[in-house]
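Single-structure report; data block below.
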Amino acid sequence: MSAAGVKNRAAALFAVLVLAVTAACTGGGDGTSPSSTSPSPRTGGATDVLAVKIDNVAPARPHTGLERADIVYVEQVEAGLSRILAVYSSDLPPVIGPVRSARETDLELLRQFDRPTLAFSGAQSRLLPVIDRAPLDPVPPSKAPQAYFRGPDRPAPHNLYLRPERIPFTASGVDAVAELGLKVGAPPPGGEPEDSRTVRYPSASVTFTWSAEGERWLVSLDGAPARTFEGERIGAGTVVVQDVDVRESDFRDRSGNNTPFTETVGSGDAVVLRDGRAYDARWARSSAAADTVFSTPDGRRVDLAEGPLWILYAPRG
């Protein structure tokens, strides 16, 4: 299909989704909206970011609202596939999705934030009480049915969307990277020119291609350009490829596949992509409650370029 055809198709699908949102907001649509649409009371203290678990297989694309995330995490899940955890704080789109289920990895990852709100479609039954005990505010459809709806443009389970204005969260207007102790600044010295970098999982891949014209890294998922629901390319200002250990967890999916656990506490090598260059780096996180620190091999702090930050947890080879 031509680029114009892709854009026209995306525009048409977006119109369908907007109609679905309108119908759901007025009590129609998927039939999950209660008669009262007022937000439910906050379950804990003030939260600093909204994290949304997002589907990342072909039937779930194009994504909606992903381009407005401050931070996009990519992690390995069952069957060697990948899934996204998108973090919002500076800006909230009207619709985010498709929303999918949470994983044990998300709980340790999110400890870096003060008390995040986590939006997800559900979880393995043995994991649900673990999520309830975690230092975050969980908001699945069972706790905020008025905030979720099923879109008509694709089959379940790839069609669950979140209306973030209907959950007890208000964007702070501050970029979520600040919560990690990171900031925008000048690049470190050195680095090597880089046109493209691919991160591979057993059954998925993410590629970043430098666009000098757009001054950003254009994202491709499983070999296809990642686009917004309106058909525009999705890009990142900075990309961090973080080498991590991925091991089996105590949880399995419905088909009996083990759910991988990504260890985000520890240390290891990383590559930072920004401004069309690749920089060797190190990452270190001393405990679950600590931030992840990114530094050059000689110990200098690594700052970010303007724009969204993508962090990919790449299994150590």
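Going by the structure tokens order, chains are called A, B, ..., each with residues numbered from 1, while ligands are numbered from 1 in the order shown.
Within 7 Å of Arg216 in chain A, once only C-alpha atoms are used and residues closer than 3 positions along the same chain are dropped, the contacting residues are Trp210, Ser211, Gly235, Ala236 and Gly237 of chain A.
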**Q.** Residues flagged strand (DSSP E) by DSSP in range 79-240 of chain A, as a VMD selection string
**A.** chain A and resid 82 to 88 117 to 119 137 to 139 148 to 150 160 to 162 192 to 193 196 to 201 204 to 211 216 to 221 224 to 225 235 to 236 238 to 240
Q: Would you mind telling me which residue in A:Pro155, A:Pro202, A:Gly173, A:Pro260 lies nearest to Glu104 in chain A when using only C-alpha atoms?
A: A:Pro260
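Restricting the calculation to only C-alpha atoms, the smallest distance between Ser267 in chain A and any of A:Ser295, A:Ser125, A:Thr228, A:Ser172 is found for A:Ser295.
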Mind running range 102-208 of chain A against range 77-97 of chain A at 12 Å and telling me each contacting residue's nearest atom pair with the distance in Å (one decimal), counting only C-alpha atoms, chain and number ascending, as a Markdown table?
| residue | atom | partner | partner_atom | distance |
| --- | --- | --- | --- | --- |
| A:Ala102 | CA | A:Leu85 | CA | 8.9 |
| A:Arg103 | CA | A:Val77 | CA | 8.2 |
| A:Glu104 | CA | A:Val77 | CA | 10.3 |
| A:Thr105 | CA | A:Val77 | CA | 9.4 |
| A:Asp106 | CA | A:Leu85 | CA | 7.8 |
| A:Leu107 | CA | A:Leu85 | CA | 11.1 |
| A:Leu109 | CA | A:Leu85 | CA | 9.7 |
| A:Leu110 | CA | A:Val87 | CA | 9.6 |
| A:Gln112 | CA | A:Val87 | CA | 11.9 |
| A:Phe113 | CA | A:Val87 | CA | 10.3 |
| A:Pro116 | CA | A:Val87 | CA | 9.2 |
| A:Thr117 | CA | A:Val87 | CA | 9.5 |
| A:Leu118 | CA | A:Val87 | CA | 9.2 |
| A:Ala119 | CA | A:Leu85 | CA | 9.7 |
| A:Phe120 | CA | A:Leu85 | CA | 9.6 |
| A:Ser121 | CA | A:Gly97 | CA | 10.3 |
| A:Ala147 | CA | A:Val95 | CA | 9.7 |
| A:Tyr148 | CA | A:Val95 | CA | 9.4 |
| A:Phe149 | CA | A:Val95 | CA | 9.9 |
| A:Arg150 | CA | A:Gly97 | CA | 10.2 |
| A:Gly151 | CA | A:Gly97 | CA | 9.8 |
| A:Pro157 | CA | A:Gly97 | CA | 11.2 |
| A:His158 | CA | A:Gly97 | CA | 8.6 |
| A:Asn159 | CA | A:Gly97 | CA | 7.7 |
| A:Leu160 | CA | A:Gly97 | CA | 6.6 |
| A:Tyr161 | CA | A:Gly97 | CA | 4.7 |
| A:Leu162 | CA | A:Ile96 | CA | 5.2 |
| A:Arg163 | CA | A:Val95 | CA | 4.9 |
| A:Pro164 | CA | A:Pro94 | CA | 6.5 |
| A:Glu165 | CA | A:Pro94 | CA | 7.0 |
| A:Arg166 | CA | A:Pro94 | CA | 9.7 |
| A:Ile167 | CA | A:Pro94 | CA | 11.7 |
| A:Phe169 | CA | A:Ser89 | CA | 9.6 |
| A:Thr170 | CA | A:Ser89 | CA | 8.2 |
| A:Ala171 | CA | A:Ser89 | CA | 4.8 |
| A:Ser172 | CA | A:Ser89 | CA | 5.6 |
| A:Gly173 | CA | A:Ser90 | CA | 3.8 |
| A:Val174 | CA | A:Ser90 | CA | 4.6 |
| A:Asp175 | CA | A:Ser90 | CA | 4.7 |
| A:Ala176 | CA | A:Ser89 | CA | 5.3 |
| A:Val177 | CA | A:Ser89 | CA | 9.0 |
| A:Ala178 | CA | A:Ser89 | CA | 9.9 |
| A:Glu179 | CA | A:Ser89 | CA | 9.7 |
| A:Leu180 | CA | A:Val87 | CA | 11.7 |
| A:Val199 | CA | A:Ser82 | CA | 10.8 |
| A:Arg200 | CA | A:Ser82 | CA | 9.6 |
| A:Tyr201 | CA | A:Gly80 | CA | 6.0 |
| A:Pro202 | CA | A:Gly80 | CA | 4.5 |
| A:Ser203 | CA | A:Gly80 | CA | 4.7 |
| A:Ala204 | CA | A:Leu81 | CA | 5.3 |
| A:Ser205 | CA | A:Ser82 | CA | 8.0 |
| A:Val206 | CA | A:Ser82 | CA | 9.1 |
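Among the candidates A:Thr292, A:Thr207, A:Ser101, A:Gln242, the residue lying nearest to Ala270 in chain A is A:Gln242 (atoms considered: only C-alpha atoms).
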**Q.** CA of Tyr313 in chain A to CA of Ala288 in chain A, distance in Å rounded to a single decimal
**A.** 15.8 Å
Q: Please run DSSP on the backbone and report, as a PyMOL selection string, all residues within range 37-234 of chain A that come out as helix (DSSP H, G or I).
A: chain A and resi 58-60+66-68+78-80+104-112+128-133+145-147+164-166+176-180
Q: Check the smallest atom-to-atom distance from each of A:Gln124, A:Ser287, A:Gln76, A:Thr296 to Pro189 in chain A using only C-alpha atoms, then report the winner.
A: A:Thr296
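Reported to one decimal place, the separation of CA of Trp310 in chain A from CA of Leu128 in chain A is 27.1 Å.
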**Q.** Selected residue, from A:Glu215, A:Asp48, A:Asp291, A:Asp298, that lies nearest to Leu182 in chain A when counting only C-alpha atoms
**A.** A:Asp291
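Closest to Asp153 in chain A among A:Val130, A:Val184, A:Pro62, A:Glu194 is A:Pro62, based on only C-alpha atoms.
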